[in-house]
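Asks: Please find data_16.cif (mmCIF, C-alpha atoms, pLDDT in the B column; chains and numbers go by the auth columns) on the next line:
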data_start
#
loop_
_atom_site.group_PDB
_atom_site.id
_atom_site.type_symbol
_atom_site.label_atom_id
_atom_site.label_comp_id
_atom_site.label_asym_id
_atom_site.label_seq_id
_atom_site.Cartn_x
_atom_site.Cartn_y
_atom_site.Cartn_z
_atom_site.B_iso_or_equiv
_atom_site.auth_seq_id
_atom_site.auth_asym_id
ATOM 1 C CA MET A 1 -22.626 -6.746 -0.088 52.00 475 A
ATOM 2 C CA ARG A 2 -19.239 -8.179 -1.032 67.00 476 A
ATOM 3 C CA THR A 3 -17.474 -6.641 -3.981 92.00 477 A
ATOM 4 C CA GLU A 4 -14.971 -8.224 -6.354 95.00 478 A
ATOM 5 C CA PHE A 5 -12.280 -6.548 -4.272 97.00 479 A
ATOM 6 C CA ASP A 6 -13.561 -8.174 -1.071 96.00 480 A
ATOM 7 C CA VAL A 7 -13.579 -11.624 -2.665 96.00 481 A
ATOM 8 C CA TYR A 8 -10.083 -11.122 -4.021 97.00 482 A
ATOM 9 C CA ALA A 9 -8.729 -9.743 -0.738 96.00 483 A
ATOM 10 C CA ARG A 10 -10.172 -12.668 1.198 95.00 484 A
ATOM 11 C CA ARG A 11 -9.400 -15.568 -1.142 95.00 485 A
ATOM 12 C CA GLY A 12 -8.152 -14.642 -4.602 96.00 486 A
ATOM 13 C CA ARG A 13 -4.913 -12.963 -3.507 96.00 487 A
ATOM 14 C CA ARG A 14 -3.756 -16.278 -2.059 95.00 488 A
ATOM 15 C CA ARG A 15 -3.555 -17.650 -5.600 95.00 489 A
ATOM 16 C CA VAL A 16 -1.143 -14.899 -6.644 96.00 490 A
ATOM 17 C CA ARG A 17 2.444 -15.268 -5.489 92.00 491 A
ATOM 18 C CA GLY A 18 3.659 -12.293 -3.470 93.00 492 A
ATOM 19 C CA TRP A 19 4.581 -10.962 -0.048 92.00 493 A
ATOM 20 C CA VAL A 20 1.797 -8.458 0.628 96.00 494 A
ATOM 21 C CA GLN A 21 0.477 -8.836 4.161 95.00 495 A
ATOM 22 C CA PRO A 22 -3.289 -9.493 3.955 94.00 496 A
ATOM 23 C CA GLU A 23 -4.118 -6.574 6.259 94.00 497 A
ATOM 24 C CA VAL A 24 -2.811 -4.178 3.592 97.00 498 A
ATOM 25 C CA PHE A 25 -5.932 -4.824 1.546 97.00 499 A
ATOM 26 C CA GLU A 26 -8.257 -3.825 4.392 95.00 500 A
ATOM 27 C CA LEU A 27 -6.194 -0.718 5.105 96.00 501 A
ATOM 28 C CA THR A 28 -6.192 0.280 1.433 98.00 502 A
ATOM 29 C CA LYS A 29 -9.962 -0.200 1.239 97.00 503 A
ATOM 30 C CA VAL A 30 -10.393 2.207 4.170 97.00 504 A
ATOM 31 C CA LEU A 31 -8.316 4.817 2.339 98.00 505 A
ATOM 32 C CA ASP A 32 -10.139 4.236 -0.950 98.00 506 A
ATOM 33 C CA ALA A 33 -13.442 4.901 0.805 97.00 507 A
ATOM 34 C CA ARG A 34 -12.111 8.175 2.198 98.00 508 A
ATOM 35 C CA GLN A 35 -10.807 9.159 -1.246 98.00 509 A
ATOM 36 C CA ARG A 36 -14.240 8.557 -2.727 98.00 510 A
ATOM 37 C CA SER A 37 -15.918 10.640 -0.037 98.00 511 A
ATOM 38 C CA LEU A 38 -13.508 13.471 -0.914 98.00 512 A
ATOM 39 C CA GLY A 39 -14.130 13.124 -4.639 98.00 513 A
ATOM 40 C CA VAL A 40 -10.564 12.024 -5.421 98.00 514 A
ATOM 41 C CA ARG A 41 -10.230 10.475 -8.860 98.00 515 A
ATOM 42 C CA GLY A 42 -7.464 8.787 -10.838 98.00 516 A
ATOM 43 C CA GLY A 43 -5.978 5.444 -11.792 98.00 517 A
ATOM 44 C CA ALA A 44 -3.720 2.973 -10.016 98.00 518 A
ATOM 45 C CA ALA A 45 -0.066 2.190 -10.641 98.00 519 A
ATOM 46 C CA GLU A 46 2.623 -0.031 -9.230 98.00 520 A
ATOM 47 C CA ILE A 47 6.361 -0.133 -9.746 97.00 521 A
ATOM 48 C CA GLY A 48 7.554 -3.674 -9.074 95.00 522 A
ATOM 49 C CA VAL A 49 4.404 -5.740 -9.614 94.00 523 A
ATOM 50 C CA HIS A 50 6.044 -9.201 -9.406 93.00 524 A
ATOM 51 C CA HIS A 51 2.999 -11.415 -10.173 95.00 525 A
ATOM 52 C CA GLY A 52 0.413 -8.708 -9.485 96.00 526 A
ATOM 53 C CA GLN A 53 -0.798 -9.520 -5.975 97.00 527 A
ATOM 54 C CA LEU A 54 -1.251 -5.909 -4.861 98.00 528 A
ATOM 55 C CA LEU A 55 -1.866 -4.213 -8.213 98.00 529 A
ATOM 56 C CA ILE A 56 -4.827 -6.480 -8.923 97.00 530 A
ATOM 57 C CA GLY A 57 -6.344 -5.410 -5.599 98.00 531 A
ATOM 58 C CA LEU A 58 -5.763 -1.731 -6.394 98.00 532 A
ATOM 59 C CA ASP A 59 -7.314 -2.184 -9.825 98.00 533 A
ATOM 60 C CA LEU A 60 -10.422 -3.782 -8.319 97.00 534 A
ATOM 61 C CA LEU A 61 -10.935 -0.636 -6.216 97.00 535 A
ATOM 62 C CA LEU A 62 -11.090 1.603 -9.278 97.00 536 A
ATOM 63 C CA ARG A 63 -14.162 3.056 -10.910 96.00 537 A
ATOM 64 C CA ASP A 64 -15.148 1.785 -14.360 94.00 538 A
ATOM 65 C CA ASP A 65 -13.472 4.710 -16.132 95.00 539 A
ATOM 66 C CA GLU A 66 -10.194 4.505 -14.172 97.00 540 A
ATOM 67 C CA LYS A 67 -7.209 2.479 -15.386 97.00 541 A
ATOM 68 C CA SER A 68 -4.080 0.830 -13.998 98.00 542 A
ATOM 69 C CA ALA A 69 -0.411 0.708 -14.961 98.00 543 A
ATOM 70 C CA ALA A 70 2.178 -1.943 -14.169 97.00 544 A
ATOM 71 C CA ILE A 71 5.903 -1.205 -14.332 96.00 545 A
ATOM 72 C CA ASP A 72 8.441 -3.992 -13.831 94.00 546 A
ATOM 73 C CA LEU A 73 11.756 -5.206 -15.209 90.00 547 A
ATOM 74 C CA PHE A 74 10.165 -8.587 -15.917 89.00 548 A
ATOM 75 C CA GLU A 75 12.515 -10.360 -18.348 72.00 549 A
ATOM 76 C CA ASP A 76 15.292 -7.748 -17.963 57.00 550 A
ATOM 77 C CA GLN A 77 16.565 -9.279 -14.726 53.00 551 A
ATOM 78 C CA ASP A 78 20.142 -8.331 -15.542 56.00 552 A
ATOM 79 C CA LEU A 79 19.089 -4.808 -14.489 54.00 553 A
ATOM 80 C CA ASN A 80 17.852 -6.075 -11.112 49.00 554 A
ATOM 81 C CA VAL A 81 21.099 -5.245 -9.325 54.00 555 A
ATOM 82 C CA ASP A 82 19.752 -5.622 -5.765 54.00 556 A
ATOM 83 C CA LYS A 83 17.778 -8.831 -6.496 53.00 557 A
ATOM 84 C CA SER A 84 14.756 -7.464 -4.620 54.00 558 A
ATOM 85 C CA GLY A 85 12.212 -9.361 -6.720 59.00 559 A
ATOM 86 C CA ARG A 86 11.785 -11.346 -9.900 67.00 560 A
ATOM 87 C CA GLY A 87 8.726 -10.338 -11.860 73.00 561 A
ATOM 88 C CA ASP A 88 7.235 -12.743 -14.374 87.00 562 A
ATOM 89 C CA ARG A 89 5.214 -11.052 -17.115 92.00 563 A
ATOM 90 C CA ALA A 90 3.452 -14.212 -18.302 94.00 564 A
ATOM 91 C CA ARG A 91 2.264 -15.063 -14.798 94.00 565 A
ATOM 92 C CA PHE A 92 1.340 -11.442 -14.115 95.00 566 A
ATOM 93 C CA GLU A 93 -0.803 -11.207 -17.241 95.00 567 A
ATOM 94 C CA ALA A 94 -2.423 -14.568 -16.493 96.00 568 A
ATOM 95 C CA ASN A 95 -3.337 -13.369 -13.000 96.00 569 A
ATOM 96 C CA VAL A 96 -4.717 -10.096 -14.336 96.00 570 A
ATOM 97 C CA SER A 97 -6.875 -12.016 -16.828 96.00 571 A
ATOM 98 C CA ARG A 98 -8.136 -14.238 -14.038 96.00 572 A
ATOM 99 C CA PHE A 99 -9.134 -11.585 -11.523 96.00 573 A
ATOM 100 C CA THR A 100 -9.777 -8.309 -13.367 95.00 574 A
ATOM 101 C CA GLU A 101 -10.099 -6.756 -16.842 90.00 575 A
ATOM 102 C CA PRO A 102 -6.821 -7.016 -18.803 86.00 576 A
ATOM 103 C CA GLY A 103 -7.863 -4.244 -21.183 90.00 577 A
ATOM 104 C CA ARG A 104 -7.577 -1.577 -18.508 91.00 578 A
ATOM 105 C CA VAL A 105 -4.168 -2.627 -17.148 97.00 579 A
ATOM 106 C CA ALA A 106 -1.302 -1.166 -19.193 97.00 580 A
ATOM 107 C CA VAL A 107 2.092 -2.851 -18.856 96.00 581 A
ATOM 108 C CA HIS A 108 5.537 -1.305 -19.175 96.00 582 A
ATOM 109 C CA SER A 109 8.501 -3.651 -19.131 94.00 583 A
ATOM 110 C CA GLY A 110 11.763 -1.913 -18.285 92.00 584 A
ATOM 111 C CA ASP A 111 13.707 0.314 -15.938 93.00 585 A
ATOM 112 C CA SER A 112 11.335 2.466 -13.875 95.00 586 A
ATOM 113 C CA THR A 113 13.919 5.240 -13.550 95.00 587 A
ATOM 114 C CA LEU A 114 13.617 5.842 -17.301 96.00 588 A
ATOM 115 C CA VAL A 115 9.817 6.200 -17.239 97.00 589 A
ATOM 116 C CA THR A 116 8.610 9.791 -17.497 98.00 590 A
ATOM 117 C CA ALA A 117 5.549 11.274 -15.869 98.00 591 A
ATOM 118 C CA GLU A 118 4.065 11.859 -19.330 98.00 592 A
ATOM 119 C CA GLN A 119 4.503 8.187 -20.256 98.00 593 A
ATOM 120 C CA LEU A 120 2.832 6.999 -17.081 98.00 594 A
ATOM 121 C CA ARG A 121 -0.072 9.420 -17.452 98.00 595 A
ATOM 122 C CA ALA A 122 -0.601 8.129 -20.985 98.00 596 A
ATOM 123 C CA MET A 123 -0.830 4.582 -19.613 97.00 597 A
ATOM 124 C CA VAL A 124 -3.665 5.444 -17.208 97.00 598 A
ATOM 125 C CA ASP A 125 -5.259 8.271 -19.210 97.00 599 A
ATOM 126 C CA GLY A 126 -4.581 10.809 -16.465 97.00 600 A
ATOM 127 C CA ASP A 127 -3.203 10.974 -12.945 98.00 601 A
ATOM 128 C CA VAL A 128 -2.870 8.229 -10.338 98.00 602 A
ATOM 129 C CA ARG A 129 -4.730 8.119 -7.020 98.00 603 A
ATOM 130 C CA LEU A 130 -3.317 4.818 -5.693 98.00 604 A
ATOM 131 C CA PHE A 131 0.397 4.334 -6.383 98.00 605 A
ATOM 132 C CA SER A 132 2.415 1.414 -4.989 98.00 606 A
ATOM 133 C CA VAL A 133 6.203 1.853 -4.955 98.00 607 A
ATOM 134 C CA ASP A 134 7.840 -1.572 -4.650 96.00 608 A
ATOM 135 C CA GLY A 135 10.545 -1.579 -7.318 94.00 609 A
ATOM 136 C CA GLY A 136 14.310 -1.542 -6.990 92.00 610 A
ATOM 137 C CA HIS A 137 15.548 -1.343 -3.395 94.00 611 A
ATOM 138 C CA THR A 138 18.668 0.751 -3.956 95.00 612 A
ATOM 139 C CA GLU A 139 18.775 4.278 -2.586 96.00 613 A
ATOM 140 C CA ASN A 140 18.779 5.985 -5.991 96.00 614 A
ATOM 141 C CA VAL A 141 15.993 3.855 -7.440 96.00 615 A
ATOM 142 C CA VAL A 142 13.763 4.441 -4.402 97.00 616 A
ATOM 143 C CA LEU A 143 14.324 8.179 -4.701 98.00 617 A
ATOM 144 C CA SER A 144 13.553 8.134 -8.443 98.00 618 A
ATOM 145 C CA ASP A 145 10.412 6.015 -8.016 98.00 619 A
ATOM 146 C CA MET A 146 9.065 8.248 -5.254 98.00 620 A
ATOM 147 C CA ILE A 147 9.606 11.325 -7.416 98.00 621 A
ATOM 148 C CA LEU A 148 7.776 9.680 -10.321 98.00 622 A
ATOM 149 C CA ALA A 149 4.894 8.823 -8.011 98.00 623 A
ATOM 150 C CA GLU A 150 4.774 12.399 -6.738 98.00 624 A
ATOM 151 C CA GLU A 151 4.803 13.835 -10.263 98.00 625 A
ATOM 152 C CA THR A 152 1.901 11.688 -11.457 98.00 626 A
ATOM 153 C CA LEU A 153 -0.263 11.727 -8.333 98.00 627 A
ATOM 154 C CA SER A 154 -3.742 13.191 -8.537 98.00 628 A
ATOM 155 C CA LYS A 155 -4.941 15.724 -5.991 98.00 629 A
ATOM 156 C CA GLY A 156 -5.602 13.630 -2.897 98.00 630 A
ATOM 157 C CA GLY A 157 -3.693 10.645 -4.262 98.00 631 A
ATOM 158 C CA ILE A 158 -1.878 8.169 -2.004 98.00 632 A
ATOM 159 C CA VAL A 159 1.521 6.520 -2.384 98.00 633 A
ATOM 160 C CA ILE A 160 2.058 3.125 -0.736 98.00 634 A
ATOM 161 C CA ALA A 161 5.784 2.498 -0.231 98.00 635 A
ATOM 162 C CA ASP A 162 7.079 -0.988 0.551 97.00 636 A
ATOM 163 C CA ASP A 163 9.950 -2.224 2.748 96.00 637 A
ATOM 164 C CA VAL A 164 10.843 1.187 4.176 97.00 638 A
ATOM 165 C CA PHE A 165 11.577 -0.380 7.581 96.00 639 A
ATOM 166 C CA ASN A 166 12.609 -3.824 6.383 94.00 640 A
ATOM 167 C CA PHE A 167 15.976 -4.565 8.048 93.00 641 A
ATOM 168 C CA ALA A 168 17.067 -6.546 4.973 92.00 642 A
ATOM 169 C CA TRP A 169 16.902 -3.408 2.806 92.00 643 A
ATOM 170 C CA PRO A 170 18.396 -0.409 4.672 95.00 644 A
ATOM 171 C CA GLU A 171 18.845 1.390 1.356 96.00 645 A
ATOM 172 C CA VAL A 172 15.067 1.811 1.141 97.00 646 A
ATOM 173 C CA VAL A 173 14.778 3.952 4.258 97.00 647 A
ATOM 174 C CA THR A 174 17.843 5.939 3.163 97.00 648 A
ATOM 175 C CA GLY A 175 16.275 6.642 -0.226 98.00 649 A
ATOM 176 C CA THR A 176 12.984 7.520 1.432 98.00 650 A
ATOM 177 C CA LEU A 177 14.628 9.991 3.796 98.00 651 A
ATOM 178 C CA ARG A 178 16.460 11.573 0.857 98.00 652 A
ATOM 179 C CA TYR A 179 13.092 11.959 -0.859 98.00 653 A
ATOM 180 C CA LEU A 180 11.597 13.605 2.240 98.00 654 A
ATOM 181 C CA GLU A 181 14.310 16.246 2.108 97.00 655 A
ATOM 182 C CA ARG A 182 12.720 17.658 -1.046 96.00 656 A
ATOM 183 C CA PRO A 183 10.853 20.906 -0.272 93.00 657 A
ATOM 184 C CA ASP A 184 7.600 19.800 -1.920 93.00 658 A
ATOM 185 C CA ALA A 185 7.772 16.115 -1.004 98.00 659 A
ATOM 186 C CA LEU A 186 4.680 14.144 -0.120 98.00 660 A
ATOM 187 C CA ARG A 187 4.365 13.512 3.603 98.00 661 A
ATOM 188 C CA PRO A 188 3.937 10.192 5.434 98.00 662 A
ATOM 189 C CA PHE A 189 0.701 9.783 7.376 98.00 663 A
ATOM 190 C CA ALA A 190 0.526 6.080 8.255 98.00 664 A
ATOM 191 C CA ILE A 191 2.757 3.056 8.808 97.00 665 A
ATOM 192 C CA GLY A 192 1.539 -0.514 8.920 96.00 666 A
ATOM 193 C CA TYR A 193 2.145 -4.019 7.610 95.00 667 A
ATOM 194 C CA ASN A 194 5.504 -3.236 5.983 96.00 668 A
ATOM 195 C CA LYS A 195 4.058 -0.202 4.168 98.00 669 A
ATOM 196 C CA VAL A 196 4.393 3.552 4.607 98.00 670 A
ATOM 197 C CA PHE A 197 1.573 5.700 3.225 98.00 671 A
ATOM 198 C CA PHE A 198 2.181 9.183 1.781 98.00 672 A
ATOM 199 C CA ALA A 199 -0.015 12.027 0.532 98.00 673 A
ATOM 200 C CA GLU A 200 0.021 15.784 0.110 98.00 674 A
ATOM 201 C CA SER A 201 0.176 17.432 3.521 97.00 675 A
ATOM 202 C CA GLU A 202 -3.342 18.883 3.282 97.00 676 A
ATOM 203 C CA PHE A 203 -4.796 15.361 2.979 98.00 677 A
ATOM 204 C CA CYS A 204 -2.685 13.568 5.576 98.00 678 A
ATOM 205 C CA GLU A 205 -4.892 14.289 8.579 97.00 679 A
ATOM 206 C CA ARG A 206 -8.015 13.296 6.656 98.00 680 A
ATOM 207 C CA TYR A 207 -6.507 9.930 5.808 98.00 681 A
ATOM 208 C CA SER A 208 -4.996 9.272 9.220 97.00 682 A
ATOM 209 C CA ALA A 209 -8.386 10.135 10.735 97.00 683 A
ATOM 210 C CA ALA A 210 -10.027 7.518 8.506 97.00 684 A
ATOM 211 C CA ILE A 211 -7.560 4.924 9.754 96.00 685 A
ATOM 212 C CA ALA A 212 -8.106 5.978 13.364 94.00 686 A
ATOM 213 C CA GLU A 213 -11.877 5.667 12.982 94.00 687 A
ATOM 214 C CA HIS A 214 -11.459 2.153 11.622 93.00 688 A
ATOM 215 C CA TYR A 215 -8.763 0.737 13.902 88.00 689 A
ATOM 216 C CA ASP A 216 -8.695 2.640 17.168 80.00 690 A
ATOM 217 C CA LYS A 217 -10.318 0.731 20.050 73.00 691 A
ATOM 218 C CA ARG A 218 -10.415 -2.523 18.069 73.00 692 A
ATOM 219 C CA THR A 219 -9.362 -5.361 20.339 69.00 693 A
ATOM 220 C CA LEU A 220 -6.945 -7.216 18.059 69.00 694 A
ATOM 221 C CA TYR A 221 -5.051 -4.211 16.708 78.00 695 A
ATOM 222 C CA HIS A 222 -2.277 -2.071 18.118 83.00 696 A
ATOM 223 C CA PHE A 223 -2.899 1.567 17.214 87.00 697 A
ATOM 224 C CA ARG A 224 -0.952 4.651 18.259 91.00 698 A
ATOM 225 C CA ARG A 225 0.378 7.961 16.959 94.00 699 A
ATOM 226 C CA SER A 226 4.022 8.779 16.312 96.00 700 A
ATOM 227 C CA THR A 227 6.211 10.754 13.878 97.00 701 A
ATOM 228 C CA PHE A 228 8.345 9.859 10.870 97.00 702 A
ATOM 229 C CA GLY A 229 10.473 12.229 8.822 95.00 703 A
ATOM 230 C CA GLY A 230 9.128 15.146 10.807 95.00 704 A
ATOM 231 C CA SER A 231 5.476 14.330 10.089 97.00 705 A
ATOM 232 C CA PRO A 232 2.784 12.905 12.384 97.00 706 A
ATOM 233 C CA VAL A 233 1.822 9.341 11.485 98.00 707 A
ATOM 234 C CA VAL A 234 -0.538 6.689 12.779 96.00 708 A
ATOM 235 C CA LEU A 235 0.835 3.206 13.410 95.00 709 A
ATOM 236 C CA VAL A 236 -1.267 0.083 12.908 93.00 710 A
ATOM 237 C CA ALA A 237 -0.233 -3.471 13.736 90.00 711 A
ATOM 238 C CA ASP A 238 -1.775 -6.759 14.794 80.00 712 A
ATOM 239 C CA VAL A 239 -1.403 -7.924 18.366 68.00 713 A
ATOM 240 C CA SER A 240 -0.725 -11.438 19.524 56.00 714 A
ATOM 241 C CA ARG A 241 -3.870 -13.567 19.206 53.00 715 A
ATOM 242 C CA THR A 242 -3.281 -15.315 22.548 52.00 716 A
ATOM 243 C CA PRO A 243 -6.211 -15.640 24.996 57.00 717 A
ATOM 244 C CA ARG A 244 -4.348 -13.542 27.549 52.00 718 A
ATOM 245 C CA GLU A 245 -3.752 -10.687 25.086 51.00 719 A
ATOM 246 C CA ILE A 246 -7.340 -10.774 23.807 49.00 720 A
ATOM 247 C CA LEU A 247 -8.760 -10.660 27.332 49.00 721 A
ATOM 248 C CA ALA A 248 -6.378 -7.874 28.347 51.00 722 A
ATOM 249 C CA ARG A 249 -7.616 -5.742 25.441 49.00 723 A
ATOM 250 C CA SER A 250 -11.301 -6.502 25.890 52.00 724 A
ATOM 251 C CA PRO A 251 -13.252 -3.739 27.711 54.00 725 A
ATOM 252 C CA LEU A 252 -15.881 -6.297 28.794 51.00 726 A
ATOM 253 C CA ALA A 253 -13.295 -8.707 30.194 48.00 727 A
ATOM 254 C CA THR A 254 -11.527 -5.842 31.972 52.00 728 A
ATOM 255 C CA SER A 255 -14.794 -4.678 33.524 57.00 729 A
ATOM 256 C CA ILE A 256 -15.660 -8.173 34.781 55.00 730 A
ATOM 257 C CA TYR A 257 -12.140 -8.646 36.157 47.00 731 A
ATOM 258 C CA ARG A 258 -12.308 -5.347 38.081 60.00 732 A
ATOM 259 C CA ARG A 259 -15.687 -6.267 39.554 63.00 733 A
ATOM 260 C CA LEU A 260 -14.385 -9.658 40.682 60.00 734 A
ATOM 261 C CA ARG A 261 -11.322 -8.033 42.205 63.00 735 A
ATOM 262 C CA SER A 262 -13.438 -5.586 44.182 63.00 736 A
#
When written as structure tokens, how does the structure in this file appear?
Replies:
Amino acid sequence: MRTEFDVYARRGRRRVRGWVQPEVFELTKVLDARQRSLGVRGGAAEIGVHHGQLLIGLDLLLRDDEKSAAIDLFEDQDLNVDKSGRGDRARFEANVSRFTEPGRVAVHSGDSTLVTAEQLRAMVDGDVRLFSVDGGHTENVVLSDMILAEETLSKGGIVIADDVFNFAWPEVVTGTLRYLERPDALRPFAIGYNKVFFAESEFCERYSAAIAEHYDKRTLYHFRRSTFGGSPVVLVADVSRTPREILARSPLATSIYRRLRS
């Protein structure tokens, strides 16, 4: 049975301006399912919502008693020193009204580095289990946003960091590596579709296992294990959809080819 999230991920998200790769929604749904099986609870939050493309999807994954928070500079674009996005509050709120329940999405307009953990918890009535970090792309802002996410994350929560390996924003990976130097920092466990996923170390293997179960051996996906920042991670990416690549990755086609060769 399709849920509101499935409908939005398939069609609705296309009506919301943004740069989220569509596969991110499937990957996040896999992680949400594993969170639910582990009894993880909490709201959703995003720093740098733009027009709400990803936050709406995160909100649609929440239980009825869980809430969301949106943090963006919106009209204060003079503070957007790196020009990494241009959020529009009117369009964001219109999109929220169209696809989810506006009453459970709290909005904070302003500098994310000035938001305290207590303020964010008040917005979602507790901790956060799905936290997207996609705000300012300077080194110091990335570090500050990751710390805020860490401080408000529920037990078993997941942080989804954007543009860490985007060549146009080298400051993001620098800020991320500075964050990982903290003794109690969250650890990365997965990389895919311009996102890096973080959690407390005790949950990382559980979440990477969920991704492996979903993607490993699938014909049209590239899946392997690696390391980042000293932590084991799983890597997920699409492969070329050419006939040659599809046949090369198909166990049935490989079996037939070997039989013909022999």
Asks: Could you spell out the hits of the PyMOL selection byres ((chain A and resi 535) around 12) on the shown file, as a PyMOL selection string?
Replies: chain A and resi 477-483+499-500+502-507+509-510+515-518+528-534+536-542+574+603-604
Asks: Return the single residue from A:Glu674, A:Glu679, A:Asp562, A:Asp636 that is closest to Gln495 of chain A, with distances computed using all atoms listed in the file.
Replies: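 Ranked by minimum distance to Gln495 of chain A, first place goes to A:Asp636.
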Asks: For the structure provided, state which residues fall under the PyMOL selection byres ((chain A and resi 586) around 8), and present them as a list in words.
Replies: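 Applying the PyMOL selection byres ((chain A and resi 586) around 8) to the structure shown produces Ile521, Ile545, Asp546, Leu547, Gly584, Asp585, Thr587, Leu588, Val589, Gly609 and Asp619 of chain A.
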Asks: Which residues, named as in the file, does the PyMOL selection byres ((chain A and resi 527) around 9) pick out? Answer as a ChimeraX atom specification.
Replies: /A:487-494,523-526,528-531,566,569
Asks: Suppose you want the space between atom CA of Ala580 of chain A and atom CA of Ala543 of chain A; what is it in Å?
Replies: 4.7 Å
Asks: Quick one: pull the distance between atom CA of Gly703 of chain A and atom CA of Ala684 of chain A, Å, one decimal.
Replies: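 Answer for the atom CA of Gly703 of chain A to atom CA of Ala684 of chain A separation: 21.0 Å.
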Asks: By how many Å are atom CA of Phe697 of chain A and atom CA of Ala664 of chain A apart?
Replies: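 Pair atom CA of Phe697 of chain A / atom CA of Ala664 of chain A returns 10.6 Å.
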